[in-house]
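For reference, coords-v4.cif is printed below; it contains mmCIF, C-alpha atoms.
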```
data_final
#
loop_
_atom_site.label_atom_id
_atom_site.label_comp_id
_atom_site.auth_asym_id
_atom_site.auth_seq_id
_atom_site.Cartn_x
_atom_site.Cartn_y
_atom_site.Cartn_z
CA MET A 97 19.84 -13.31 -30.38
CA PHE A 98 17.12 -13.37 -27.72
CA TRP A 99 19.62 -12.28 -25.06
CA HIS A 100 20.61 -9.35 -27.26
CA LYS A 101 16.99 -8.39 -27.85
CA SER A 102 16.19 -8.58 -24.14
CA TRP A 103 19.14 -6.31 -23.38
CA PHE A 104 18.21 -3.96 -26.22
CA ASP A 105 14.64 -3.65 -24.91
CA THR A 106 15.61 -2.88 -21.32
CA ARG A 107 19.08 -1.32 -21.48
CA TRP A 108 18.02 2.31 -20.98
CA ARG A 109 15.75 1.48 -18.06
CA PHE A 110 18.64 -0.40 -16.48
CA LEU A 111 21.37 2.17 -17.16
CA ILE A 112 19.28 5.15 -16.07
CA GLY A 113 18.16 3.28 -12.95
CA LEU A 114 21.74 2.33 -12.10
CA ALA A 115 22.88 5.93 -12.48
CA VAL A 116 20.01 7.28 -10.35
CA LEU A 117 20.46 4.74 -7.53
CA THR A 118 24.24 5.07 -7.49
CA CYS A 119 24.13 8.87 -7.35
CA ALA A 120 21.45 8.72 -4.65
CA ALA A 121 23.52 6.31 -2.53
CA ILE A 122 26.58 8.56 -2.80
CA ALA A 123 24.46 11.60 -1.89
CA VAL A 124 23.17 9.86 1.23
CA VAL A 125 26.71 9.14 2.39
CA LEU A 126 27.99 12.66 1.65
CA ALA A 127 25.08 14.20 3.54
CA TYR A 128 26.03 12.49 6.80
CA PRO A 129 28.31 15.27 8.17
CA ARG A 130 25.55 17.83 7.68
CA VAL A 131 23.04 15.57 9.43
CA LYS A 132 25.41 15.17 12.38
CA GLU A 133 25.68 18.97 12.62
CA LEU A 134 21.90 19.29 12.77
CA LEU A 135 21.34 16.58 15.39
CA PRO A 136 21.85 18.90 18.40
CA LEU A 137 18.99 21.02 17.09
CA VAL A 138 16.53 18.14 17.46
CA PRO A 139 14.52 18.58 20.69
CA GLN A 140 15.32 15.84 23.16
CA GLY A 141 11.67 15.43 24.13
CA GLY A 142 10.44 15.35 20.55
CA GLY A 143 6.90 16.11 21.69
CA GLY A 144 4.23 13.62 22.64
CA GLY A 145 2.13 11.13 20.75
CA LEU A 146 3.00 9.07 17.72
CA ILE A 147 4.75 11.89 15.86
CA GLY A 148 6.96 12.66 18.82
CA GLN A 149 7.88 9.00 19.16
CA GLN A 150 8.78 8.81 15.47
CA ILE A 151 10.97 11.91 15.76
CA ARG A 152 12.83 10.44 18.73
CA GLU A 153 13.34 7.11 16.97
CA ALA A 154 14.59 8.79 13.80
CA ALA A 155 17.01 10.97 15.78
CA GLU A 156 18.37 7.97 17.66
CA LEU A 157 18.89 6.03 14.45
CA VAL A 158 20.94 8.72 12.71
CA ARG A 159 23.24 9.24 15.71
CA ASP A 160 24.94 6.02 14.65
CA TYR A 161 26.30 5.77 11.08
CA ARG A 162 24.93 2.27 10.54
CA GLY A 163 21.50 3.43 11.71
CA TYR A 164 21.77 6.52 9.53
CA VAL A 165 22.53 4.46 6.41
CA TRP A 166 19.68 2.07 7.11
CA SER A 167 17.10 4.75 7.87
CA GLN A 168 18.07 7.04 5.00
CA TRP A 169 18.86 4.43 2.36
CA PHE A 170 17.93 0.79 2.86
CA SER A 171 14.52 1.45 4.41
CA ASN A 172 13.59 4.15 1.87
CA SER A 173 15.14 4.22 -1.60
CA PRO A 174 14.96 0.48 -2.44
CA THR A 175 11.32 0.25 -1.40
CA GLU A 176 10.37 3.22 -3.56
CA VAL A 177 12.67 3.72 -6.54
CA GLY A 178 13.84 0.11 -6.45
CA THR A 179 10.32 -1.28 -6.71
CA LEU A 180 9.58 0.97 -9.67
CA LEU A 181 12.76 -0.13 -11.47
CA ALA A 182 12.09 -3.82 -10.87
CA VAL A 183 8.61 -3.37 -12.31
CA LEU A 184 9.94 -1.45 -15.31
CA LEU A 185 12.45 -4.19 -16.09
CA GLY A 186 9.72 -6.82 -16.07
CA SER A 187 7.15 -4.86 -18.06
CA GLY A 188 6.75 -4.86 -21.83
CA SER A 189 5.88 -7.34 -24.54
CA LEU A 190 8.23 -10.31 -24.84
CA VAL A 191 8.18 -10.17 -28.63
CA SER A 192 8.16 -7.24 -31.03
CA GLN A 193 4.71 -6.19 -32.11
CA GLY A 194 3.46 -5.14 -35.52
CA SER A 195 4.46 -5.81 -39.13
CA GLY A 196 4.68 -9.53 -38.50
CA ALA A 197 7.61 -9.09 -36.09
CA ALA A 198 6.02 -11.35 -33.48
CA LEU A 199 5.53 -14.15 -35.98
CA PHE A 200 9.10 -13.73 -37.22
CA THR A 201 10.49 -13.93 -33.69
CA LEU A 202 8.52 -17.04 -32.86
CA SER A 203 9.46 -18.69 -36.18
CA LEU A 204 13.14 -18.69 -35.19
CA PRO A 205 14.70 -22.01 -34.09
CA ALA A 206 13.93 -21.58 -30.39
CA THR A 207 11.11 -22.56 -28.08
CA ARG A 208 8.88 -20.04 -26.36
CA ASN A 209 10.42 -21.08 -23.06
CA GLN A 210 13.81 -20.04 -24.42
CA VAL A 211 12.43 -16.64 -25.44
CA LEU A 212 10.87 -16.16 -22.01
CA GLY A 213 13.94 -17.54 -20.24
CA ALA A 214 16.25 -15.09 -21.99
CA ARG A 215 14.01 -12.18 -21.04
CA ALA A 216 13.63 -13.33 -17.44
CA ALA A 217 17.35 -14.02 -16.96
CA THR A 218 18.36 -10.70 -18.50
CA GLY A 219 15.89 -8.73 -16.40
CA LEU A 220 16.76 -10.52 -13.17
CA GLY A 221 20.46 -10.04 -13.89
CA GLU A 222 19.90 -6.33 -14.38
CA TRP A 223 17.83 -6.12 -11.21
CA LEU A 224 20.57 -7.97 -9.27
CA VAL A 225 23.08 -5.33 -10.38
CA LEU A 226 20.67 -2.54 -9.39
CA ALA A 227 20.16 -4.10 -5.97
CA LEU A 228 23.83 -4.80 -5.22
CA VAL A 229 25.92 -2.05 -6.81
CA PRO A 230 24.43 0.99 -4.97
CA SER A 231 24.61 -0.97 -1.70
CA ILE A 232 28.28 -1.83 -2.24
CA ILE A 233 29.00 1.79 -3.17
CA ILE A 234 28.16 2.85 0.40
CA PRO A 235 31.12 1.11 2.12
CA LEU A 236 33.41 2.36 -0.64
CA VAL A 237 32.39 6.01 -0.27
CA SER A 238 31.97 6.08 3.53
CA PRO A 239 35.65 6.84 4.28
CA ALA A 240 35.16 10.15 2.47
CA VAL A 241 33.03 11.33 5.42
CA GLY A 242 35.23 9.73 8.08
CA ALA A 243 32.91 6.76 8.60
CA SER A 244 32.91 3.07 7.79
CA TYR A 245 30.20 0.61 6.82
CA ASP A 246 30.56 -3.15 6.78
CA ALA A 247 30.62 -4.53 3.23
CA GLY A 248 29.01 -7.76 4.43
CA ASP A 249 26.02 -5.85 5.78
CA ALA A 250 25.73 -3.96 2.49
CA PHE A 251 25.81 -7.23 0.54
CA ILE A 252 23.12 -8.86 2.69
CA HIS A 253 20.87 -5.81 2.36
CA GLY A 254 21.40 -5.95 -1.40
CA VAL A 255 20.41 -9.63 -1.52
CA CYS A 256 17.26 -8.88 0.48
CA GLN A 257 16.39 -6.09 -1.96
CA PHE A 258 16.94 -8.39 -4.90
CA ALA A 259 14.76 -11.18 -3.50
CA ALA A 260 11.92 -8.80 -2.67
CA GLY A 261 12.11 -6.86 -5.94
CA ALA A 262 12.17 -10.12 -7.92
CA VAL A 263 8.56 -10.67 -6.79
CA PHE A 264 7.39 -7.50 -8.52
CA PHE A 265 9.61 -8.17 -11.54
CA SER A 266 8.05 -11.63 -11.90
CA LEU A 267 4.51 -10.28 -11.60
CA ALA A 268 5.21 -7.64 -14.25
CA LEU A 269 6.70 -10.30 -16.53
CA LEU A 270 3.67 -12.52 -16.01
CA LEU A 271 1.33 -9.67 -16.93
CA SER A 272 3.51 -8.90 -19.95
CA THR A 273 2.59 -12.32 -21.36
CA VAL A 274 -1.06 -11.20 -21.24
CA PHE A 275 -0.78 -7.58 -22.44
CA THR A 276 1.23 -6.32 -25.43
CA ASP A 277 2.07 -2.85 -24.09
CA LEU A 278 4.38 -1.53 -21.39
CA TRP A 279 1.89 0.48 -19.37
CA ARG A 280 -0.76 -2.02 -18.28
CA PRO A 281 1.68 -4.55 -16.76
CA MET A 282 3.55 -1.72 -15.07
CA LEU A 283 0.50 0.03 -13.64
CA LEU A 284 -1.18 -3.19 -12.50
CA THR A 285 1.99 -4.36 -10.78
CA LEU A 286 2.49 -1.01 -9.07
CA ALA A 287 -1.13 -1.14 -7.89
CA ALA A 288 -0.46 -4.62 -6.50
CA ALA A 289 2.67 -3.32 -4.76
CA VAL A 290 0.66 -0.55 -3.09
CA GLY A 291 -1.88 -3.14 -1.97
CA VAL A 292 0.84 -5.35 -0.51
CA ALA A 293 2.33 -2.37 1.35
CA ILE A 294 -1.06 -1.51 2.86
CA VAL A 295 -1.67 -5.11 3.97
CA GLU A 296 1.77 -5.27 5.60
CA GLN A 297 1.03 -2.06 7.48
CA LEU A 298 -2.33 -3.32 8.70
CA PHE A 299 -1.19 -6.76 9.81
CA ASP A 300 1.93 -6.71 11.96
CA GLY A 301 2.00 -10.50 12.01
CA LEU A 302 3.11 -10.45 8.36
CA SER A 303 6.22 -8.41 9.12
CA GLY A 304 8.39 -11.52 9.24
CA TYR A 305 7.28 -12.59 5.78
CA GLY A 306 6.36 -9.33 4.06
CA VAL A 307 7.95 -8.30 0.79
CA PHE A 308 8.62 -4.70 1.83
CA ALA A 309 9.88 -5.75 5.25
CA LEU A 310 12.34 -7.99 3.42
CA MET A 311 13.32 -5.24 1.00
CA SER A 312 14.22 -2.86 3.82
CA GLY A 313 16.15 -5.57 5.69
CA GLU A 314 14.76 -4.33 9.00
CA LEU A 315 14.98 -7.70 10.75
CA TYR A 316 18.66 -8.06 9.83
CA PHE A 317 19.39 -4.46 10.84
CA ARG A 318 17.78 -4.77 14.26
CA THR A 319 18.68 -8.34 15.19
CA GLY A 320 21.47 -9.45 12.85
CA GLN A 321 19.34 -12.43 11.79
CA LEU A 322 18.65 -13.22 8.17
CA PRO A 323 14.91 -13.05 7.28
CA TRP A 324 14.77 -16.65 6.07
CA GLY A 325 10.98 -16.83 6.19
CA ALA A 326 10.55 -13.77 3.98
CA LEU A 327 13.32 -14.94 1.65
CA VAL A 328 11.64 -18.33 1.15
CA VAL A 329 8.20 -16.77 0.64
CA SER A 330 9.52 -14.23 -1.87
CA ALA A 331 11.56 -16.80 -3.79
CA SER A 332 8.58 -19.15 -3.93
CA ALA A 333 6.25 -16.39 -5.12
CA SER A 334 8.72 -15.33 -7.82
CA ALA A 335 9.21 -18.90 -9.01
CA ALA A 336 5.45 -19.49 -9.13
CA MET A 337 4.83 -16.35 -11.20
CA LEU A 338 7.70 -17.13 -13.58
CA TYR A 339 6.24 -20.61 -14.06
CA GLY A 340 2.84 -19.04 -14.68
CA ALA A 341 4.44 -16.68 -17.21
CA SER A 342 5.93 -19.62 -19.11
CA LYS A 343 2.55 -21.36 -19.29
CA SER A 344 0.76 -18.17 -20.31
CA PHE A 345 3.32 -17.39 -23.00
CA ALA A 346 3.18 -20.94 -24.34
CA ARG A 347 -0.61 -20.76 -24.75
CA ARG A 348 -0.70 -17.28 -26.23
CA ASP A 349 -1.92 -16.95 -29.83
CA PHE A 350 0.02 -14.27 -31.78
#
```

This entry written out as structure tokens:
Amino acid sequence: MFWHKSWFDTRWRFLIGLAVLTCAAIAVVLAYPRVKELLPLVPQGGGGGLIGQQIREAAELVRDYRGYVWSQWFSNSPTEVGTLLAVLLGSGSLVSQGSGAALFTLSLPATRNQVLGARAATGLGEWLVLALVPSIIIPLVSPAVGASYDAGDAFIHGVCQFAAGAVFFSLALLLSTVFTDLWRPMLLTLAAAVGVAIVEQLFDGLSGYGVFALMSGELYFRTGQLPWGALVVSASASAAMLYGASKSFARRDF
């Protein structure tokens, strides 16, 4: 019953998110021929200063299909739309509110940890699908534009996205044990995500362990090495917040 309720509460967020991300991934792949046509129009010098350097780096990345996919998809869409979807899946009251629905739910023959566990497992399962399916779509659609993309690379990028997004999902779920509405957990978690992004930008030393650096998979893209440090930090943070959510939910008076 709790699994069904968790799915019922989040199904439209999940299905709409899956449709948006899948369509966006396909659009990125199909746009590649047009990007290749426009590359000769990019000035070779690119101008001076930081902007010129960024233009040159972006142009060099998209000359290669793997670099194009990373720069236009993995380093952009998951860190923006993906973060929002992970937060949405984790936000919202764990039990129905009003008309005694919360008391009825908690009077059923199940512990609060089971209620929370069903919600967490359902949401993380949905987020795993959102992280993996659009990534796997890319190697499947790439032959349509005369290109190929390694399915193993797509899978690893998807796993990195899942591990990083799980941090924000867990924070939203933790806040949902404190607040009864959808909006406060969502907005507070998004504010925290913005703060994390700013800190990562200001302190380059955190790049090996940062959540957004992990979500983009930049280390794997540039070196072929898995970001084990960031994976461990993200998994530990998610586990700690899920544990905190279980304790908060157990103490909550409905």

Report task. Name every residue that the PyMOL selection byres ((chain A and resi 277) around 12) selects in this structure, writing the answer as a ChimeraX atom specification with chains first and numbers rising. Result -> /A:184,186-194,268-269,271-276,278-283

Item checked: Nearby residues (all atoms listed in the file) at most 8 Å from region 220-233 of chain A, same-chain spacing under 4 positions excluded, as an MDAnalysis selection string -> chainID A and resid 110 113:114 117:118 121:122 174 178 181:182 185 216 237 247 250:251 253:255 257:258 261:262 265

Taking only C-alpha atoms into account, produce a table as CSV in which each residue of region 271-341 of chain A with an atom at most 8 Å from an atom of region 157-172 of chain A appears once, together with its shortest atom pair and the distance in Å to one decimal, ordered by chain and rising number.
```
residue,atom,partner,partner_atom,distance
A:Met311,CA,A:Ser171,CA,7.6
A:Ser312,CA,A:Ser171,CA,4.4
A:Gly313,CA,A:Phe170,CA,7.2
A:Glu314,CA,A:Ser171,CA,7.4
A:Phe317,CA,A:Trp166,CA,7.5
```

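Interatomic distance, CA of Gln321 (chain A) to CA of Leu267 (chain A): 27.8 Å.
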
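Proximity ranking of A:Val131, A:Met337, A:Leu180, A:Cys256 relative to Arg109 (chain A) places A:Leu180 first, based on all atoms listed in the file.
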
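Nearest residue to Val307 (chain A), choosing from A:Thr175, A:Gly320, A:Tyr339, A:Arg208 and counting all atoms listed in the file: A:Thr175.
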
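In this structure, CA of Arg107 (chain A) sits 13.6 Å away from CA of Ala217 (chain A).
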
Taking the file above as input, evaluate the PyMOL selection byres ((chain A and resi 328-330) around 9) and report the hits as an NGL selection string.
:A and (259-263 or 305-307 or 310 or 323-327 or 331-335)

Of A:Leu212, A:Leu315, A:Leu322, A:Val124, the one sitting nearest Ser342 (chain A) when using all atoms listed in the file is A:Leu212

Residue with the minimum atom-to-atom distance to Val183 (chain A), picked from A:Leu284, A:Ala115, A:Leu134, A:Ala341 with only C-alpha atoms counted, is A:Leu284

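Atom pair CA of Glu296 (chain A) / CA of Ala309 (chain A): separated by 8.1 Å.
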
Min atom-atom distance to Asp246 (chain A) from the set A:Ala336, A:Ala127, A:Leu111, A:Ile234, counting all atoms listed in the file, belongs to A:Ile234
